[in-house]
$ cat entry27.cif   # mmCIF, C-alpha atoms and all ligand atoms
data_model
loop_
_atom_site.label_atom_id
_atom_site.label_comp_id
_atom_site.auth_asym_id
_atom_site.auth_seq_id
_atom_site.Cartn_x
_atom_site.Cartn_y
_atom_site.Cartn_z
CA MET A 1 -11.99 -4.36 12.86
CA ALA A 2 -15.23 -5.68 11.36
CA SER A 3 -14.63 -8.44 8.84
CA ASN A 4 -15.86 -11.64 7.26
CA LYS A 5 -13.60 -14.53 6.23
CA GLU A 6 -12.12 -12.87 3.17
CA HIS A 7 -13.00 -9.16 3.51
CA LEU A 8 -12.44 -6.25 5.84
CA ILE A 9 -15.56 -4.15 6.25
CA LEU A 10 -14.57 -0.49 6.07
CA SER A 11 -16.22 2.11 8.30
CA ASN A 12 -18.48 3.16 5.40
CA GLY A 13 -19.65 -0.44 4.84
CA VAL A 14 -17.52 -1.02 1.73
CA LEU A 15 -16.00 -4.53 1.53
CA MET A 16 -12.25 -4.73 0.89
CA PRO A 17 -10.80 -8.16 -0.02
CA LYS A 18 -8.12 -9.03 2.54
CA ILE A 19 -5.69 -10.08 -0.18
CA GLY A 20 -4.80 -7.66 -2.95
CA LEU A 21 -2.17 -7.53 -5.67
CA GLY A 22 0.56 -5.00 -4.88
CA THR A 23 2.10 -3.38 -7.95
CA TRP A 24 4.88 -1.14 -6.60
CA GLN A 25 8.04 -1.85 -8.60
CA ALA A 26 6.02 -3.40 -11.40
CA THR A 27 6.49 -0.78 -14.10
CA ASP A 28 7.36 -2.89 -17.12
CA PRO A 29 4.13 -2.86 -19.20
CA ILE A 30 4.32 -6.50 -20.30
CA GLU A 31 5.24 -7.69 -16.82
CA ILE A 32 2.34 -5.84 -15.16
CA LYS A 33 -0.10 -6.91 -17.87
CA ASP A 34 0.80 -10.61 -17.45
CA ALA A 35 0.77 -10.35 -13.65
CA LEU A 36 -2.64 -8.72 -13.57
CA GLU A 37 -4.11 -11.20 -16.08
CA GLU A 38 -2.81 -14.03 -13.90
CA ALA A 39 -4.05 -12.45 -10.67
CA LEU A 40 -7.55 -11.90 -12.06
CA LYS A 41 -7.64 -15.52 -13.29
CA VAL A 42 -6.58 -16.77 -9.85
CA GLY A 43 -9.34 -14.72 -8.25
CA TYR A 44 -7.74 -11.53 -6.95
CA ARG A 45 -10.36 -8.77 -6.83
CA HIS A 46 -8.31 -6.13 -4.96
CA LEU A 47 -5.64 -4.20 -6.88
CA ASP A 48 -3.32 -1.64 -5.42
CA THR A 49 -1.61 0.96 -7.54
CA ALA A 50 -0.54 4.60 -7.32
CA PHE A 51 -0.04 7.52 -9.69
CA VAL A 52 3.67 7.39 -8.91
CA TYR A 53 4.05 3.68 -9.82
CA GLN A 54 3.57 4.61 -13.49
CA ASN A 55 1.57 1.46 -14.21
CA GLU A 56 -1.99 2.81 -14.05
CA VAL A 57 -2.35 2.97 -17.84
CA MET A 58 -1.51 -0.70 -18.36
CA ILE A 59 -3.70 -1.75 -15.43
CA GLY A 60 -6.55 0.24 -16.98
CA LYS A 61 -6.09 -1.52 -20.34
CA VAL A 62 -6.22 -4.99 -18.78
CA LEU A 63 -9.30 -4.12 -16.68
CA GLU A 64 -11.09 -2.68 -19.69
CA ARG A 65 -10.53 -5.92 -21.61
CA TRP A 66 -11.92 -7.98 -18.72
CA PHE A 67 -14.97 -5.70 -18.46
CA LEU A 68 -15.58 -5.79 -22.23
CA LYS A 69 -15.47 -9.58 -22.46
CA GLY A 70 -17.87 -9.70 -19.50
CA ALA A 71 -15.44 -11.75 -17.40
CA ILE A 72 -15.66 -9.34 -14.50
CA LYS A 73 -17.97 -6.52 -13.39
CA ARG A 74 -16.64 -3.21 -12.14
CA GLU A 75 -18.54 -3.59 -8.88
CA ASP A 76 -16.76 -6.88 -8.17
CA LEU A 77 -13.37 -5.16 -8.07
CA PHE A 78 -11.72 -3.12 -5.35
CA VAL A 79 -9.21 -0.68 -6.85
CA THR A 80 -6.96 1.57 -4.78
CA THR A 81 -4.80 4.35 -6.13
CA LYS A 82 -2.94 7.20 -4.46
CA LEU A 83 -2.46 10.95 -4.53
CA PRO A 84 1.24 11.58 -5.28
CA MET A 85 3.34 13.93 -3.17
CA GLN A 86 2.99 16.64 -5.79
CA GLY A 87 -0.73 16.59 -5.11
CA VAL A 88 -0.51 16.91 -1.32
CA HIS A 89 -1.72 20.48 -1.62
CA PRO A 90 -5.38 21.56 -1.35
CA ALA A 91 -5.37 23.07 -4.85
CA ARG A 92 -4.20 19.89 -6.58
CA VAL A 93 -6.07 16.97 -5.03
CA GLU A 94 -8.91 16.54 -7.53
CA GLN A 95 -6.63 17.27 -10.48
CA PHE A 96 -4.41 14.28 -9.59
CA LEU A 97 -7.39 12.01 -8.96
CA ASP A 98 -8.66 12.90 -12.44
CA LYS A 99 -5.29 12.00 -13.96
CA SER A 100 -5.37 8.61 -12.22
CA LEU A 101 -8.95 7.91 -13.32
CA LYS A 102 -8.04 8.79 -16.90
CA ASN A 103 -4.99 6.50 -16.73
CA LEU A 104 -7.04 3.67 -15.26
CA HIS A 105 -10.00 4.18 -17.64
CA LEU A 106 -12.28 4.07 -14.60
CA ASP A 107 -15.15 6.32 -13.48
CA TYR A 108 -14.28 5.82 -9.83
CA VAL A 109 -11.82 4.12 -7.49
CA ASP A 110 -12.84 2.20 -4.40
CA LEU A 111 -10.17 3.81 -2.26
CA TYR A 112 -8.11 6.95 -2.80
CA LEU A 113 -5.19 7.43 -0.44
CA VAL A 114 -2.89 10.35 0.31
CA HIS A 115 0.30 8.48 -0.55
CA PHE A 116 2.75 10.25 1.77
CA PRO A 117 2.26 13.25 4.09
CA VAL A 118 4.88 15.42 2.35
CA CYS A 119 4.22 17.93 -0.42
CA VAL A 120 6.60 18.11 -3.38
CA LYS A 121 6.74 21.08 -5.75
CA TYR A 122 4.56 20.75 -8.84
CA THR A 123 6.22 19.98 -12.15
CA GLU A 124 4.36 19.82 -15.43
CA ASN A 125 5.76 16.42 -16.47
CA GLY A 126 5.06 14.80 -13.10
CA THR A 127 8.68 13.96 -12.25
CA TYR A 128 10.14 14.86 -8.86
CA PRO A 129 12.05 18.16 -8.80
CA PHE A 130 15.54 18.18 -7.24
CA ASN A 131 17.73 21.19 -6.45
CA GLU A 132 21.41 21.56 -7.36
CA GLN A 133 22.43 19.62 -4.25
CA GLY A 134 20.28 16.73 -5.45
CA GLU A 135 17.71 17.31 -2.72
CA LEU A 136 13.99 16.89 -3.27
CA GLU A 137 12.22 20.25 -3.59
CA THR A 138 9.35 20.20 -1.14
CA GLU A 139 6.67 22.67 0.00
CA THR A 140 5.11 23.06 3.42
CA THR A 141 1.58 21.72 3.44
CA ASP A 142 -1.53 21.73 5.60
CA LEU A 143 -2.64 18.11 5.91
CA VAL A 144 -6.03 19.06 7.38
CA ALA A 145 -6.76 21.30 4.38
CA VAL A 146 -5.71 18.48 2.04
CA TRP A 147 -7.98 16.08 3.93
CA LYS A 148 -10.95 18.43 3.51
CA LYS A 149 -10.39 18.22 -0.26
CA MET A 150 -10.28 14.43 0.03
CA GLU A 151 -13.64 14.55 1.84
CA GLU A 152 -15.10 16.66 -0.98
CA LEU A 153 -14.12 13.94 -3.46
CA LEU A 154 -16.68 11.63 -1.86
CA ASP A 155 -19.46 13.93 -3.12
CA THR A 156 -18.20 13.72 -6.72
CA GLY A 157 -18.80 9.94 -6.94
CA LYS A 158 -15.22 9.52 -8.19
CA VAL A 159 -14.10 7.74 -5.00
CA ARG A 160 -15.99 5.31 -2.74
CA SER A 161 -13.65 5.65 0.24
CA ILE A 162 -10.75 7.84 1.27
CA GLY A 163 -7.71 7.22 3.41
CA VAL A 164 -4.04 7.87 3.94
CA SER A 165 -0.74 6.03 3.68
CA ASN A 166 2.48 6.38 5.68
CA PHE A 167 0.87 8.69 8.24
CA ASN A 168 1.90 8.42 11.90
CA ILE A 169 -0.37 8.51 14.98
CA SER A 170 -0.03 12.23 15.58
CA GLN A 171 -0.92 13.04 11.96
CA LEU A 172 -3.93 10.73 12.14
CA GLU A 173 -5.02 12.32 15.43
CA ARG A 174 -4.87 15.76 13.79
CA LEU A 175 -7.06 14.59 10.91
CA ILE A 176 -9.53 12.88 13.22
CA LYS A 177 -9.88 15.98 15.42
CA ASN A 178 -10.55 18.23 12.44
CA CYS A 179 -12.45 16.08 9.98
CA LYS A 180 -16.04 15.45 9.01
CA ILE A 181 -15.17 11.95 7.75
CA LYS A 182 -12.43 9.86 9.29
CA PRO A 183 -9.97 8.06 7.02
CA ALA A 184 -11.45 4.65 6.15
CA ASN A 185 -8.02 3.17 5.75
CA LEU A 186 -4.34 3.51 6.56
CA GLN A 187 -1.79 1.78 4.34
CA ILE A 188 1.61 1.15 5.95
CA GLU A 189 4.69 -0.98 5.59
CA ASN A 190 4.05 -3.91 7.90
CA HIS A 191 5.64 -7.33 8.30
CA VAL A 192 6.69 -9.69 11.05
CA TYR A 193 9.82 -7.62 11.88
CA LEU A 194 7.95 -4.26 11.78
CA GLN A 195 4.65 -4.86 13.57
CA SER A 196 3.75 -1.26 14.61
CA ASN A 197 1.30 -2.45 17.26
CA ASP A 198 0.57 1.02 18.71
CA LEU A 199 -0.29 2.47 15.33
CA ILE A 200 -2.51 -0.48 14.40
CA ASP A 201 -4.28 -0.45 17.78
CA PHE A 202 -4.87 3.28 17.38
CA CYS A 203 -6.39 2.71 13.93
CA HIS A 204 -8.59 -0.16 14.98
CA LYS A 205 -9.88 1.78 18.01
CA ASN A 206 -10.82 4.58 15.63
CA GLY A 207 -12.49 2.32 13.07
CA ILE A 208 -9.66 2.76 10.54
CA SER A 209 -8.84 -0.40 8.58
CA VAL A 210 -5.16 -1.12 7.92
CA VAL A 211 -3.48 -2.50 4.80
CA ALA A 212 0.06 -3.88 5.00
CA TYR A 213 2.35 -3.09 2.09
CA SER A 214 5.69 -4.91 1.78
CA PRO A 215 4.27 -7.78 3.87
CA LEU A 216 7.15 -9.99 2.74
CA GLY A 217 9.78 -7.46 3.83
CA SER A 218 10.38 -6.02 0.36
CA PRO A 219 13.08 -8.52 -0.71
CA SER A 220 13.70 -6.74 -4.03
CA TYR A 221 14.07 -3.29 -2.48
CA ASN A 222 17.70 -3.06 -3.55
CA LYS A 223 16.57 -3.01 -7.17
CA VAL A 224 14.89 0.32 -6.37
CA CYS A 225 18.15 1.54 -4.83
CA GLU A 226 19.96 0.60 -8.04
CA LYS A 227 17.38 2.50 -10.07
CA PHE A 228 17.85 5.63 -7.94
CA GLY A 229 21.63 5.15 -7.90
CA ILE A 230 21.72 5.12 -4.11
CA GLN A 231 23.49 2.91 -1.63
CA LYS A 232 21.90 -0.50 -1.23
CA ASN A 233 20.44 -1.60 2.09
CA ASP A 234 22.70 -4.51 3.16
CA ASP A 235 20.51 -5.13 6.16
CA LEU A 236 17.16 -5.90 4.53
CA PRO A 237 14.84 -7.80 6.90
CA ASN A 238 15.01 -11.37 5.64
CA VAL A 239 11.59 -12.33 6.92
CA LEU A 240 11.17 -15.06 4.29
CA GLY A 241 14.32 -16.74 5.61
CA ASP A 242 13.50 -16.40 9.31
CA GLU A 243 13.93 -19.69 11.21
CA THR A 244 10.66 -19.37 13.13
CA VAL A 245 8.76 -18.61 9.93
CA ILE A 246 10.37 -21.60 8.22
CA SER A 247 9.54 -23.94 11.11
CA LEU A 248 5.89 -22.79 11.04
CA SER A 249 5.84 -23.26 7.30
CA LYS A 250 6.84 -26.92 7.83
CA LYS A 251 4.25 -27.34 10.62
CA HIS A 252 1.39 -26.06 8.44
CA ASN A 253 2.68 -27.36 5.12
CA LYS A 254 2.55 -23.82 3.76
CA SER A 255 5.29 -21.62 2.28
CA PRO A 256 7.10 -18.98 4.40
CA ALA A 257 5.29 -16.28 2.40
CA GLN A 258 1.92 -17.83 3.23
CA ILE A 259 2.81 -17.91 6.95
CA LEU A 260 3.85 -14.24 6.84
CA LEU A 261 0.66 -13.19 5.05
CA ARG A 262 -1.58 -15.27 7.30
CA PHE A 263 0.06 -13.70 10.38
CA LEU A 264 -1.07 -10.27 9.16
CA ILE A 265 -4.55 -11.55 8.29
CA GLU A 266 -4.87 -12.94 11.85
CA ARG A 267 -3.98 -9.42 13.07
CA HIS A 268 -7.02 -8.11 11.12
CA LEU A 269 -4.99 -6.43 8.38
CA ALA A 270 -5.38 -6.71 4.62
CA VAL A 271 -2.21 -7.53 2.66
CA ILE A 272 -0.97 -6.50 -0.78
CA PRO A 273 2.11 -8.61 -1.62
CA LYS A 274 3.66 -7.61 -4.92
CA SER A 275 4.46 -10.36 -7.35
CA THR A 276 4.76 -10.66 -11.10
CA ASN A 277 5.52 -14.39 -10.95
CA PRO A 278 2.49 -16.63 -11.77
CA LEU A 279 3.31 -19.30 -9.17
CA ARG A 280 3.89 -16.76 -6.40
CA ILE A 281 0.76 -14.79 -7.35
CA LYS A 282 -1.21 -18.02 -6.85
CA GLU A 283 0.66 -18.96 -3.68
CA ASN A 284 0.04 -15.57 -2.05
CA PHE A 285 -3.70 -15.87 -2.72
CA ASP A 286 -3.97 -19.29 -1.11
CA ILE A 287 -4.01 -18.26 2.56
CA PHE A 288 -7.59 -18.87 3.67
CA ASP A 289 -7.52 -22.64 4.21
CA PHE A 290 -5.45 -22.67 7.41
CA LYS A 291 -5.10 -20.79 10.68
CA LEU A 292 -2.23 -19.96 13.01
CA ASP A 293 -2.92 -20.96 16.61
CA ASP A 294 -2.18 -18.86 19.71
CA GLU A 295 1.25 -20.43 20.16
CA ASP A 296 2.21 -19.75 16.51
CA MET A 297 1.00 -16.17 16.85
CA ALA A 298 3.01 -15.64 20.05
CA LYS A 299 6.16 -16.93 18.35
CA LEU A 300 5.63 -14.62 15.40
CA ARG A 301 4.76 -11.63 17.59
CA SER A 302 8.08 -12.08 19.39
CA LEU A 303 9.99 -11.46 16.13
CA ASP A 304 9.13 -7.73 16.08
CA LYS A 305 12.28 -5.59 15.74
CA GLY A 306 10.49 -2.26 15.57
CA GLU A 307 11.63 0.81 13.64
CA LYS A 308 15.04 -0.56 12.67
CA ALA A 309 13.29 -3.07 10.39
CA ARG A 310 11.64 -0.32 8.33
CA VAL A 311 12.69 -0.55 4.68
CA CYS A 312 10.45 1.96 2.91
CA ASN A 313 11.44 5.21 4.59
CA ALA A 314 11.54 7.18 1.30
CA GLN A 315 15.07 8.29 2.11
CA MET A 316 16.18 7.46 -1.41
CA LEU A 317 14.68 10.93 -2.03
CA LYS A 318 17.49 12.99 -0.53
CA GLY A 319 16.30 15.66 1.89
CA ILE A 320 12.77 14.28 2.33
CA SER A 321 13.29 13.67 6.05
CA GLN A 322 13.80 17.43 6.57
CA HIS A 323 10.17 18.11 5.69
CA PRO A 324 8.15 19.02 8.81
CA GLU A 325 5.57 16.30 8.06
CA TYR A 326 8.10 13.49 7.42
CA PRO A 327 6.27 10.71 9.29
CA PHE A 328 9.03 8.39 10.50
CA PRO A 329 11.73 8.82 13.14
CA ARG A 330 14.62 10.71 11.53
CA ILE A 331 17.77 8.56 11.28
P1 LIG B 401 8.31 -11.59 -7.70
O1 LIG B 401 7.55 -10.40 -8.23
O2 LIG B 401 9.38 -12.07 -8.62
O3 LIG B 401 7.39 -12.69 -7.19
P2 LIG B 401 6.79 -7.16 -0.87
O4 LIG B 401 5.36 -7.22 -1.30
O5 LIG B 401 7.04 -7.45 0.57
O6 LIG B 401 7.46 -5.88 -1.31
O7 LIG B 401 7.54 -8.34 -1.65
C1 LIG B 401 7.63 -8.29 -3.04
C2 LIG B 401 8.84 -9.09 -3.46
O8 LIG B 401 8.73 -10.42 -2.98
C3 LIG B 401 9.01 -9.18 -4.94
O9 LIG B 401 10.38 -9.13 -5.22
C4 LIG B 401 8.44 -10.55 -5.28
O10 LIG B 401 9.13 -11.08 -6.39
C5 LIG B 401 8.74 -11.35 -4.05
N1 LIG B 401 7.68 -12.32 -3.74
C6 LIG B 401 6.36 -12.17 -3.91
N2 LIG B 401 5.70 -13.26 -3.50
C7 LIG B 401 6.62 -14.11 -3.02
C8 LIG B 401 6.57 -15.43 -2.47
N3 LIG B 401 5.41 -16.04 -2.32
N4 LIG B 401 7.74 -16.01 -2.10
C9 LIG B 401 8.91 -15.38 -2.28
N5 LIG B 401 9.04 -14.15 -2.81
C10 LIG B 401 7.91 -13.52 -3.19
#
$ encode --input "entry27.cif" --output "structure tokens"
Amino acid sequence: MASNKEHLILSNGVLMPKIGLGTWQATDPIEIKDALEEALKVGYRHLDTAFVYQNEVMIGKVLERWFLKGAIKREDLFVTTKLPMQGVHPARVEQFLDKSLKNLHLDYVDLYLVHFPVCVKYTENGTYPFNEQGELETETTDLVAVWKKMEELLDTGKVRSIGVSNFNISQLERLIKNCKIKPANLQIENHVYLQSNDLIDFCHKNGISVVAYSPLGSPSYNKVCEKFGIQKNDDLPNVLGDETVISLSKKHNKSPAQILLRFLIERHLAVIPKSTNPLRIKENFDIFDFKLDDEDMAKLRSLDKGEKARVCNAQMLKGISQHPEYPFPRI
């Protein structure tokens, strides 16, 4: 993957900062406002959001203030947002992009991603529809037809780059075989226990940059389970507490989180750790003044546990894994 010290260079030449602020689970307006203010002060210039995170409006307000006071220029920022599952239908792609742009008060986003390769039935108020058995109401969808609509967005000037999230190799292969423009980016859950080497190698061979979400293993995932009233995951990957990670953190005089993020950077990924805590926002940004050597990398590579370490499988949405395009192994 082409890169310089602090950016990945996407296949269309656009520069993406390797560290971005993740905002999944940051829905409280004050919390997201304070976090974003802090992140911009610290120097973050890459922000990751999604229609479904319900925080685009507040992010837009903060950005507008920074633009108005002249503290930042639009072209210095890299903003990603995502097409929700209700929009994974050729007739609805641009409509959902427009909603996100309106929420964000932006004329364009730097990267627009198909959030998840499953289509959910449209509802006027944007909430997910469930049937009487409590199962998500989905529709079959044609991902190639959706991708063609994503390609058309490039001509509107409302997106600089397009990509996908949570797609597997066979779905990517199908897009690549049938597209005019390859995805510039894949966003996936990735951390030291879930390294997905085949998928990342496939992307890099095809010039697709990769962004790791939940790079710290999603330690607050059970809060989401509480919100959805579903069983907690008692087996969350405790990557921050891993002995090898802790010993490397002592060796380099860096925190476990910084070791985990640097490991992904050394693998030529960009990372979007979520934090709303000022000290951790700063800490997560401070990962460019040290390197992991070959021995450190080998130790960390050996921690891979594969699929069983996946946290974000969307299965809190009952029935989603029955959809023909569900991208992960069914459990
Ligand atoms: P907080 O927002 O209170 O900082 P992930 O991006 O893997 O999903 O991880 C996000 C979670 O990890 C959030 O709960 C966040 O809590 C916490 N977190 C973020 N940065 C750090 C850090 N440097 N050290 C420990 N926990 C962190």
$ axis_aligned_box --input "entry27.cif" --around "ligand LIG 401 (chain B)" --padding-each-side "4 Å" --output "JSON"
{"center_x": 7.9, "center_y": -11.0, "center_z": -4.0, "size_x": 13.0, "size_y": 18.2, "size_z": 17.2}
$ atom_distance --input "entry27.cif" --atom1 "atom CA of Asn222 of chain A" --atom2 "atom C1 of ligand LIG 401 (chain B)"
11.4 Å
$ atom_distance --input "entry27.cif" --atom1 "atom N4 of ligand LIG 401 (chain B)" --atom2 "atom CA of Arg280 of chain A"
5.8 Å
$ atom_distance --input "entry27.cif" --atom1 "atom CA of Lys5 of chain A" --atom2 "atom CA of Ile72 of chain A"
21.5 Å
$ residues_near_ligand --input "entry27.cif" --ligand "ligand LIG 401 (chain B)" --cutoff "6 Å" --atoms "only C-alpha atoms and all ligand atoms" --output "mmCIF file with C-alpha atoms, in the frame of the given file"
data_model
loop_
_atom_site.group_PDB
_atom_site.id
_atom_site.type_symbol
_atom_site.label_atom_id
_atom_site.label_comp_id
_atom_site.auth_asym_id
_atom_site.auth_seq_id
_atom_site.Cartn_x
_atom_site.Cartn_y
_atom_site.Cartn_z
ATOM 1 C CA SER A 214 5.690 -4.910 1.780
ATOM 2 C CA PRO A 215 4.270 -7.780 3.870
ATOM 3 C CA LEU A 216 7.150 -9.990 2.740
ATOM 4 C CA GLY A 217 9.780 -7.460 3.830
ATOM 5 C CA SER A 218 10.380 -6.020 0.360
ATOM 6 C CA PRO A 219 13.080 -8.520 -0.710
ATOM 7 C CA SER A 220 13.700 -6.740 -4.030
ATOM 8 C CA ALA A 257 5.290 -16.280 2.400
ATOM 9 C CA PRO A 273 2.110 -8.610 -1.620
ATOM 10 C CA LYS A 274 3.660 -7.610 -4.920
ATOM 11 C CA SER A 275 4.460 -10.360 -7.350
ATOM 12 C CA THR A 276 4.760 -10.660 -11.100
ATOM 13 C CA ASN A 277 5.520 -14.390 -10.950
ATOM 14 C CA ARG A 280 3.890 -16.760 -6.400
ATOM 15 C CA GLU A 283 0.660 -18.960 -3.680
ATOM 16 C CA ASN A 284 0.040 -15.570 -2.050
#
$ residues_around --input "entry27.cif" --residues "Pro84 of chain A" --least-positions-apart "5" --cutoff "8 Å" --atoms "only C-alpha atoms" --output "ChimeraX atom specification"
/A:50-52,96,114-116
$ closest_residue --input "entry27.cif" --among "A:Tyr122, A:Tyr193, A:Tyr108, A:Tyr326" --to "Lys158 of chain A" --atoms "only C-alpha atoms"
A:Tyr108
$ residues_around --input "entry27.cif" --residues "Gln25 of chain A" --least-positions-apart "3" --cutoff "9 Å" --atoms "all atoms listed in the file" --output "ChimeraX atom specification"
/A:22,28,53,220-221,223-224,274
$ closest_residue --input "entry27.cif" --among "A:Thr138, A:Leu279, A:His252, A:Pro327" --to "Asp296 of chain A" --atoms "only C-alpha atoms"
A:His252
$ closest_residue --input "entry27.cif" --among "A:Leu269, A:Leu101, A:Ala298, A:Leu153" --to "Met1 of chain A" --atoms "all atoms listed in the file"
A:Leu269
$ residues_around --input "entry27.cif" --residues "Leu113 of chain A" --least-positions-apart "4" --cutoff "7 Å" --atoms "all atoms listed in the file" --output "PyMOL selection string"
chain A and resi 81-83+162-165
$ closest_residue --input "entry27.cif" --among "A:Glu135, A:Gly70, A:Met297, A:Lys282" --to "Arg262 of chain A" --atoms "all atoms listed in the file"
A:Met297
$ residues_around --input "entry27.cif" --residues "Phe285 of chain A" --least-positions-apart "5" --cutoff "10 Å" --atoms "all atoms listed in the file" --output "VMD selection string"
chain A and resid 18 to 21 39 42 to 44 258 261 272 to 273 280
